[in-house]
>>> print(open('coords.txt').read())   # compact mmCIF, C-alpha atoms
# COMPACT_ATOMS: atom_id res chain seq x y z
CA MET A 1 58.58 92.42 36.54
CA SER A 2 61.00 91.38 39.31
CA GLU A 3 63.83 93.70 40.28
CA THR A 4 67.36 92.56 39.37
CA PRO A 5 69.16 91.54 42.60
CA LYS A 6 72.15 93.57 43.71
CA LYS A 7 75.51 91.93 43.04
CA LEU A 8 78.08 91.70 45.81
CA LEU A 9 81.69 90.54 45.48
CA ILE A 10 83.04 89.03 48.70
CA ALA A 11 86.84 89.03 49.03
CA ALA A 12 87.84 86.55 51.74
CA SER A 13 90.75 84.16 51.58
CA GLY A 14 93.16 81.86 53.31
CA THR A 15 92.03 80.82 56.78
CA GLY A 16 88.85 80.00 58.63
CA GLY A 17 89.28 83.27 60.51
CA HIS A 18 88.67 85.15 57.26
CA LEU A 19 86.30 82.70 55.57
CA PHE A 20 83.84 81.62 58.27
CA PRO A 21 82.67 85.18 59.14
CA ALA A 22 82.32 85.98 55.43
CA ILE A 23 80.28 82.83 54.75
CA ALA A 24 78.09 83.45 57.82
CA THR A 25 77.41 86.99 56.59
CA ALA A 26 76.73 85.87 53.02
CA GLU A 27 74.10 83.44 54.32
CA GLN A 28 72.24 86.43 55.78
CA LEU A 29 72.01 88.06 52.32
CA PRO A 30 69.86 85.60 50.34
CA GLU A 31 68.42 88.37 48.16
CA TYR A 32 71.89 89.30 46.82
CA ALA A 33 73.70 87.74 43.86
CA ILE A 34 76.98 86.92 45.58
CA GLU A 35 80.27 85.91 43.99
CA TRP A 36 83.60 85.27 45.70
CA LEU A 37 87.16 86.50 45.25
CA GLY A 38 89.94 84.26 46.53
CA VAL A 39 93.42 82.88 45.90
CA PRO A 40 94.24 79.55 44.24
CA ASP A 41 95.13 76.62 46.50
CA ARG A 42 93.71 78.17 49.68
CA LEU A 43 90.85 77.04 51.91
CA GLU A 44 88.25 78.97 49.90
CA THR A 45 88.70 76.59 46.96
CA GLU A 46 87.26 73.85 49.23
CA LEU A 47 84.57 75.82 51.07
CA VAL A 48 83.18 78.31 48.56
CA PRO A 49 82.50 76.80 45.08
CA GLN A 50 79.54 74.65 46.19
CA GLN A 51 77.78 77.84 47.37
CA TYR A 52 79.07 80.77 45.30
CA PRO A 53 80.94 81.35 42.01
CA LEU A 54 84.65 81.70 42.84
CA HIS A 55 87.10 84.01 41.05
CA THR A 56 90.79 83.67 41.95
CA LEU A 57 93.91 85.80 41.58
CA ARG A 58 97.49 85.27 42.70
CA LEU A 59 98.77 87.50 45.47
CA GLY A 60 101.34 87.24 48.28
CA GLY A 61 101.25 88.51 51.85
CA PHE A 62 102.50 91.73 53.44
CA GLN A 63 105.13 90.33 55.80
CA GLY A 64 108.74 91.30 56.42
CA ARG A 65 110.78 94.46 55.84
CA LEU A 66 110.67 96.78 52.88
CA GLY A 67 112.96 95.80 50.01
CA LEU A 68 112.97 94.31 46.54
CA GLY A 69 110.34 91.84 47.65
CA SER A 70 108.11 94.75 48.61
CA LEU A 71 108.45 96.24 45.13
CA ARG A 72 107.47 92.91 43.57
CA LEU A 73 104.52 92.71 45.94
CA LEU A 74 103.45 96.24 45.07
CA GLY A 75 103.51 95.23 41.42
CA GLN A 76 101.35 92.20 42.25
CA VAL A 77 98.87 94.39 44.13
CA LEU A 78 98.60 96.85 41.23
CA GLN A 79 98.11 94.03 38.73
CA ALA A 80 95.53 92.38 41.02
CA THR A 81 93.73 95.69 41.46
CA LEU A 82 93.40 96.04 37.68
CA GLN A 83 92.08 92.46 37.46
CA VAL A 84 89.49 93.08 40.18
CA ARG A 85 88.53 96.40 38.59
CA GLN A 86 87.86 94.63 35.30
CA LEU A 87 85.85 91.95 37.10
CA LEU A 88 83.73 94.54 38.91
CA GLN A 89 83.02 96.38 35.66
CA ARG A 90 82.41 93.31 33.51
CA GLU A 91 80.03 91.64 35.96
CA GLN A 92 78.45 94.92 37.07
CA PHE A 93 78.88 94.45 40.80
CA ASP A 94 77.26 96.94 43.16
CA GLY A 95 79.93 96.75 45.86
CA VAL A 96 82.61 94.78 47.69
CA PHE A 97 82.65 93.17 51.13
CA THR A 98 85.94 91.87 52.55
CA THR A 99 87.11 90.33 55.81
CA GLY A 100 90.64 91.69 55.56
CA GLY A 101 93.92 89.98 54.82
CA TYR A 102 96.03 90.71 51.77
CA ILE A 103 93.23 90.04 49.27
CA ALA A 104 91.36 93.01 50.75
CA ALA A 105 93.84 95.50 49.27
CA PRO A 106 93.07 95.02 45.55
CA ALA A 107 89.37 94.54 46.33
CA ILE A 108 89.09 97.84 48.22
CA LEU A 109 91.30 99.80 45.79
CA ALA A 110 89.43 98.50 42.74
CA ALA A 111 86.01 99.22 44.22
CA ARG A 112 86.87 102.75 45.30
CA SER A 113 88.52 103.54 41.96
CA LEU A 114 85.13 102.82 40.38
CA GLY A 115 83.15 104.75 42.99
CA LEU A 116 81.69 101.53 44.42
CA PRO A 117 81.16 101.01 48.16
CA ALA A 118 83.66 98.84 50.05
CA ILE A 119 82.72 97.32 53.41
CA LEU A 120 85.51 95.81 55.52
CA HIS A 121 85.17 93.54 58.56
CA GLU A 122 88.16 93.33 60.93
CA SER A 123 87.90 90.57 63.54
CA ASN A 124 91.09 91.22 65.52
CA ALA A 125 91.63 93.57 68.46
CA LEU A 126 94.75 94.84 66.68
CA PRO A 127 93.71 95.52 63.07
CA GLY A 128 95.95 94.09 60.37
CA LYS A 129 98.19 96.21 58.16
CA VAL A 130 95.78 96.24 55.22
CA THR A 131 92.96 97.38 57.51
CA ARG A 132 95.07 100.15 59.03
CA TRP A 133 96.30 101.35 55.64
CA LEU A 134 93.04 101.19 53.73
CA SER A 135 90.31 101.72 56.33
CA PRO A 136 90.00 105.44 55.46
CA TRP A 137 89.16 104.35 51.89
CA CYS A 138 86.33 102.09 53.02
CA SER A 139 82.70 103.14 53.18
CA VAL A 140 82.47 101.54 56.61
CA VAL A 141 84.67 99.28 58.76
CA ALA A 142 82.89 96.73 60.95
CA LEU A 143 84.86 95.59 64.01
CA GLY A 144 84.91 92.45 66.11
CA PHE A 145 86.49 94.11 69.17
CA GLU A 146 85.83 97.53 70.69
CA ALA A 147 89.60 97.73 71.34
CA ALA A 148 90.26 98.00 67.59
CA THR A 149 88.64 101.44 67.32
CA SER A 150 91.66 103.21 68.83
CA HIS A 151 93.88 101.87 66.03
CA LEU A 152 91.62 103.23 63.26
CA PRO A 153 91.12 106.94 64.06
CA LYS A 154 90.27 107.91 60.46
CA ALA A 155 87.84 105.08 59.74
CA ASN A 156 84.06 105.14 59.76
CA SER A 157 83.87 102.20 62.16
CA VAL A 158 81.14 100.34 64.03
CA VAL A 159 81.46 97.38 66.45
CA VAL A 160 79.32 94.42 65.36
CA GLY A 161 81.27 91.44 66.75
CA THR A 162 82.44 88.59 64.53
CA PRO A 163 79.98 86.24 62.81
CA VAL A 164 80.42 82.55 63.63
CA ARG A 165 79.59 79.27 61.93
CA SER A 166 75.91 78.33 62.08
CA GLN A 167 76.60 75.31 64.34
CA PHE A 168 77.38 77.77 67.17
CA LEU A 169 74.01 79.54 66.83
CA SER A 170 71.56 76.70 67.47
CA GLY A 171 71.14 77.45 71.17
CA GLN A 172 70.75 73.71 71.75
CA GLU A 173 73.05 71.17 73.35
CA LEU A 174 74.99 69.64 70.48
CA PRO A 175 76.68 66.21 70.14
CA THR A 176 80.41 65.90 70.77
CA GLU A 177 80.98 62.90 68.46
CA VAL A 178 83.40 61.49 71.04
CA ALA A 179 82.26 59.41 74.02
CA LEU A 180 82.69 61.29 77.31
CA PRO A 181 81.36 60.41 80.79
CA PRO A 182 78.51 62.78 81.68
CA ASP A 183 79.94 64.04 84.97
CA ALA A 184 83.70 64.00 84.32
CA PRO A 185 85.61 67.28 83.96
CA VAL A 186 86.64 67.78 80.33
CA ILE A 187 89.69 69.72 79.15
CA LEU A 188 89.60 70.52 75.43
CA VAL A 189 92.83 71.46 73.64
CA VAL A 190 92.48 73.20 70.25
CA GLY A 191 95.92 74.29 69.12
CA GLY A 192 95.12 73.60 65.48
CA SER A 193 97.70 72.67 62.87
CA GLN A 194 99.58 76.00 62.71
CA GLY A 195 102.14 76.32 65.45
CA ALA A 196 100.43 73.80 67.73
CA VAL A 197 103.34 71.44 68.33
CA ALA A 198 104.80 73.46 71.24
CA VAL A 199 101.42 73.55 72.98
CA ASN A 200 100.87 69.84 72.30
CA GLN A 201 104.15 68.97 74.04
CA LEU A 202 103.23 70.99 77.12
CA VAL A 203 99.77 69.41 77.25
CA ARG A 204 101.12 65.86 77.08
CA THR A 205 103.53 66.60 79.93
CA ALA A 206 100.85 68.23 82.09
CA ALA A 207 98.07 65.74 81.32
CA PRO A 208 98.91 62.98 83.88
CA ALA A 209 98.11 65.37 86.74
CA TRP A 210 94.79 66.19 85.08
CA PHE A 211 94.01 62.49 84.74
CA GLU A 212 94.70 62.04 88.47
CA ALA A 213 92.12 64.76 89.13
CA GLY A 214 89.56 62.69 87.18
CA ALA A 215 89.57 64.86 84.07
CA TRP A 216 89.35 63.74 80.45
CA VAL A 217 91.47 65.46 77.79
CA VAL A 218 90.17 65.84 74.24
CA HIS A 219 93.09 67.03 72.14
CA GLN A 220 93.00 68.45 68.61
CA THR A 221 96.61 67.76 67.69
CA GLY A 222 96.68 69.18 64.16
CA THR A 223 98.55 67.44 61.37
CA ASN A 224 102.13 68.63 62.02
CA ASP A 225 102.87 66.76 65.25
CA ALA A 226 104.91 63.58 64.79
CA ALA A 227 104.38 62.73 68.48
CA ALA A 228 100.58 63.05 68.32
CA GLN A 229 100.01 59.42 69.41
CA SER A 230 102.81 59.27 71.98
CA LEU A 231 100.53 59.66 75.00
CA GLN A 232 98.22 56.73 75.70
CA HIS A 233 95.58 56.88 78.43
CA ASP A 234 91.94 55.85 78.84
CA HIS A 235 91.02 59.49 79.52
CA TYR A 236 92.94 60.92 76.55
CA ILE A 237 91.38 61.37 73.08
CA PRO A 238 93.79 62.75 70.45
CA LEU A 239 92.49 63.54 66.95
CA PRO A 240 93.91 65.75 64.15
CA PHE A 241 90.66 67.72 63.78
CA PHE A 242 87.11 67.76 65.12
CA ASP A 243 83.96 68.45 63.12
CA ALA A 244 81.70 68.82 66.19
CA MET A 245 83.59 71.83 67.58
CA ALA A 246 80.49 73.61 68.91
CA GLY A 247 79.38 70.53 70.88
CA LEU A 248 82.87 70.08 72.33
CA PHE A 249 83.12 73.75 73.33
CA GLN A 250 79.75 73.38 75.10
CA ARG A 251 80.83 70.22 76.92
CA ALA A 252 84.31 71.41 77.95
CA ASP A 253 84.93 72.73 81.44
CA VAL A 254 88.14 74.40 80.25
CA VAL A 255 89.48 75.03 76.75
CA ILE A 256 93.20 75.47 76.09
CA SER A 257 93.58 77.40 72.87
CA ARG A 258 95.44 79.83 70.68
CA ALA A 259 93.83 83.27 70.50
CA GLY A 260 92.58 83.66 66.96
CA ALA A 261 89.60 86.01 66.77
CA GLY A 262 87.29 83.33 65.35
CA THR A 263 88.02 80.83 68.12
CA LEU A 264 87.58 83.47 70.82
CA THR A 265 84.24 84.49 69.36
CA GLU A 266 83.14 80.85 69.41
CA LEU A 267 84.24 80.52 73.06
CA ALA A 268 82.13 83.57 73.88
CA PHE A 269 79.11 82.04 72.15
CA THR A 270 79.44 78.78 74.12
CA HIS A 271 80.31 80.58 77.40
CA THR A 272 83.43 78.46 77.89
CA PRO A 273 86.29 79.35 80.29
CA SER A 274 89.65 79.22 78.59
CA VAL A 275 93.40 79.28 79.01
CA LEU A 276 94.79 81.21 76.05
CA ILE A 277 98.30 80.82 74.64
CA PRO A 278 98.63 83.39 71.83
CA TYR A 279 100.46 82.14 68.75
CA PRO A 280 103.81 83.96 69.11
CA PHE A 281 104.47 84.21 65.37
CA ALA A 282 101.10 85.69 64.37
CA ALA A 283 101.42 88.86 62.28
CA GLU A 284 102.32 91.77 64.59
CA ASP A 285 101.54 89.52 67.57
CA HIS A 286 97.83 90.26 67.03
CA GLN A 287 96.70 87.16 68.95
CA ALA A 288 98.19 88.67 72.12
CA TYR A 289 95.87 91.68 71.70
CA ASN A 290 92.86 89.38 71.22
CA ALA A 291 93.79 87.41 74.33
CA ALA A 292 94.28 90.61 76.34
CA ALA A 293 90.71 91.69 75.54
CA PHE A 294 89.40 88.39 76.97
CA ALA A 295 91.68 88.59 80.01
CA ALA A 296 90.56 92.17 80.69
CA ALA A 297 86.96 90.94 80.73
CA ASN A 298 87.93 88.06 83.10
CA ALA A 299 86.78 85.55 80.49
CA ALA A 300 90.16 83.81 80.16
CA LEU A 301 93.55 83.20 81.69
CA VAL A 302 96.44 84.14 79.38
CA CYS A 303 100.03 82.99 79.26
CA ARG A 304 102.71 83.78 76.70
CA GLN A 305 104.22 80.67 75.13
CA ALA A 306 107.75 81.89 75.95
CA ASP A 307 106.83 82.07 79.65
CA LEU A 308 104.86 78.85 79.79
CA THR A 309 106.10 75.59 81.28
CA ALA A 310 104.24 72.31 81.59
CA ALA A 311 104.09 72.83 85.37
CA THR A 312 102.55 76.30 84.96
CA LEU A 313 99.96 75.03 82.48
CA GLN A 314 99.21 72.03 84.70
CA ASP A 315 98.53 74.27 87.71
CA MET A 316 96.49 76.89 85.80
CA VAL A 317 94.13 74.21 84.51
CA LEU A 318 93.91 72.32 87.83
CA THR A 319 93.02 75.58 89.59
CA LEU A 320 90.07 76.00 87.25
CA ILE A 321 89.02 72.33 87.40
CA HIS A 322 88.90 72.52 91.22
CA ASN A 323 87.09 75.88 91.30
CA PRO A 324 83.59 75.69 89.77
CA GLU A 325 82.71 79.18 91.04
CA ARG A 326 85.64 80.71 89.19
CA ARG A 327 84.65 78.81 86.03
CA ALA A 328 81.09 80.07 86.35
CA GLN A 329 82.35 83.67 86.63
CA MET A 330 84.54 83.22 83.55
CA ALA A 331 81.67 81.62 81.63
CA ALA A 332 79.41 84.58 82.41
CA ALA A 333 82.15 87.02 81.39
CA ALA A 334 82.67 85.16 78.10
CA ALA A 335 78.92 85.25 77.43
CA ASN A 336 78.94 89.03 77.89
CA LEU A 337 81.47 89.32 75.05
CA ALA A 338 79.24 87.49 72.56
CA ILE A 339 77.16 89.44 70.03
CA PRO A 340 74.62 86.79 68.97
CA ASP A 341 73.28 88.69 65.97
CA SER A 342 76.68 89.70 64.59
CA ALA A 343 76.05 88.23 61.13
CA GLU A 344 72.66 89.94 60.93
CA GLN A 345 74.17 93.27 62.00
CA LEU A 346 76.91 92.99 59.42
CA ALA A 347 74.48 91.98 56.67
CA SER A 348 72.27 94.95 57.58
CA LEU A 349 75.29 97.24 57.39
CA ILE A 350 76.08 95.92 53.91
CA ARG A 351 72.48 96.46 52.78
CA GLN A 352 72.41 100.02 54.12
CA THR A 353 75.75 100.89 52.54
CA LEU A 354 74.92 99.48 49.11
CA THR A 355 71.42 100.96 49.12
CA SER A 356 72.57 104.44 50.12
CA SER A 357 75.29 104.42 47.44
CA GLY A 358 73.04 103.09 44.71
>>> encode(input="coords.txt", output="structure tokens")
Amino acid sequence: MSETPKKLLIAASGTGGHLFPAIATAEQLPEYAIEWLGVPDRLETELVPQQYPLHTLRLGGFQGRLGLGSLRLLGQVLQATLQVRQLLQREQFDGVFTTGGYIAAPAILAARSLGLPAILHESNALPGKVTRWLSPWCSVVALGFEAATSHLPKANSVVVGTPVRSQFLSGQELPTEVALPPDAPVILVVGGSQGAVAVNQLVRTAAPAWFEAGAWVVHQTGTNDAAAQSLQHDHYIPLPFFDAMAGLFQRADVVISRAGAGTLTELAFTHTPSVLIPYPFAAEDHQAYNAAAFAAANAALVCRQADLTAATLQDMVLTLIHNPERRAQMAAAAANLAIPDSAEQLASLIRQTLTSSG
């Protein structure tokens, strides 16, 4: 008679930074019966249901100052915690795994109230509020950056890196899906849709000098930029989004990017030099901490958006384009930051935690 598989509830919601590591980890746990906890109308409703049963609850974020809104939010969290508690009991889950964000709070509180293990993964160098508040309640906290350990003195923490999408793990040269000359320098810009317009404007102003240097610019403009098609040049390829991100990261000589933990992990996996412009409105400026970790390792150049001009960006990128030795040093430094078996390590941690508690 076969043994009933352990049941794991994964709480991950909102952005690719939360969802992609959770999905990559889930794929390393084929022997588990996995179900998902998310929020209506977020990215998980598109990515998760074809793979795992999805449960949703309504919950806001933890931004801003304390006030009446905080009291309403606290009420939401308590109500959500009761809902998750009922779900865990009804479906007889053996534990909870979460990648942080506001959905982690009711998931962790509900699990611990029932004596179930809760495993949390924090990808950022500066842990989020929920991680800082609730990490002592977790069975174990897995970290993407060594720098995060100093912010979680009461947590049982272990550094495992951040799992990435499977396309970044092939170890093979992947297609770019856009036609690029084989020997031309390639500058890839991946601002994304959130807050990318300011970066896009700087790039379009700086790009003519890059074209003169023989470079091609592949530009993910996002969907919020009304001027996305305003620059026209044979060496310029603007698109709202790219599917073949791993292939483009491999092909690029320099990537200009925000500093989300997921993107930085992917840059480490593809050994790509980068110019990082942390998103200035990220919660608690956490992207600046991520970028600082890469700068400290000499894997990236970093510039604050408030200090950045088109001329500065133009010169930073040209310096790298004209200096292959410097790019090679940065590529090697980025490679040293990658933890190739991160998803396997995290899955093993989940197995150990659930087995020892059960």
>>> residues_around(input="coords.txt", residues="range 242-259 of chain A", least_positions_apart="4", cutoff="6 Å", atoms="all atoms listed in the file", output="compact mmCIF listing (two decimals) with C-alpha atoms, keeping the file's coordinate frame")
# COMPACT_ATOMS: atom_id res chain seq x y z
CA PHE A 168 77.38 77.77 67.17
CA LEU A 174 74.99 69.64 70.48
CA PRO A 175 76.68 66.21 70.14
CA THR A 176 80.41 65.90 70.77
CA VAL A 186 86.64 67.78 80.33
CA ILE A 187 89.69 69.72 79.15
CA LEU A 188 89.60 70.52 75.43
CA VAL A 189 92.83 71.46 73.64
CA VAL A 190 92.48 73.20 70.25
CA GLY A 191 95.92 74.29 69.12
CA THR A 270 79.44 78.78 74.12
CA PRO A 273 86.29 79.35 80.29
CA SER A 274 89.65 79.22 78.59
CA VAL A 275 93.40 79.28 79.01
CA LEU A 276 94.79 81.21 76.05
CA ILE A 277 98.30 80.82 74.64
CA PRO A 278 98.63 83.39 71.83
CA TYR A 279 100.46 82.14 68.75
CA GLN A 287 96.70 87.16 68.95
CA ALA A 291 93.79 87.41 74.33
>>> residues_around(input="coords.txt", residues="Phe93 in chain A", least_positions_apart="2", cutoff="7 Å", atoms="only C-alpha atoms", output="JSON, numbers by chain")
{"A": [7, 8, 9, 88, 89, 91, 95]}
>>> closest_residue(input="coords.txt", among="A:Arg58, A:His151, A:His322, A:Arg90", to="Gly128 in chain A", atoms="all atoms listed in the file")
A:His151
>>> closest_atom_pairs(input="coords.txt", of="range 112-224 of chain A", to="range 309-317 of chain A", cutoff="7 Å", atoms="only C-alpha atoms", output="CSV")
residue,atom,partner,partner_atom,distance
A:Leu202,CA,A:Ala310,CA,4.8
A:Val203,CA,A:Ala310,CA,6.9
A:Thr205,CA,A:Ala310,CA,6.0
A:Ala206,CA,A:Gln314,CA,4.9
>>> atom_distance(input="coords.txt", atom1="CA of Gln83 in chain A", atom2="CA of Gly115 in chain A")
16.2 Å
>>> atom_distance(input="coords.txt", atom1="CA of Pro127 in chain A", atom2="CA of Thr263 in chain A")
16.5 Å
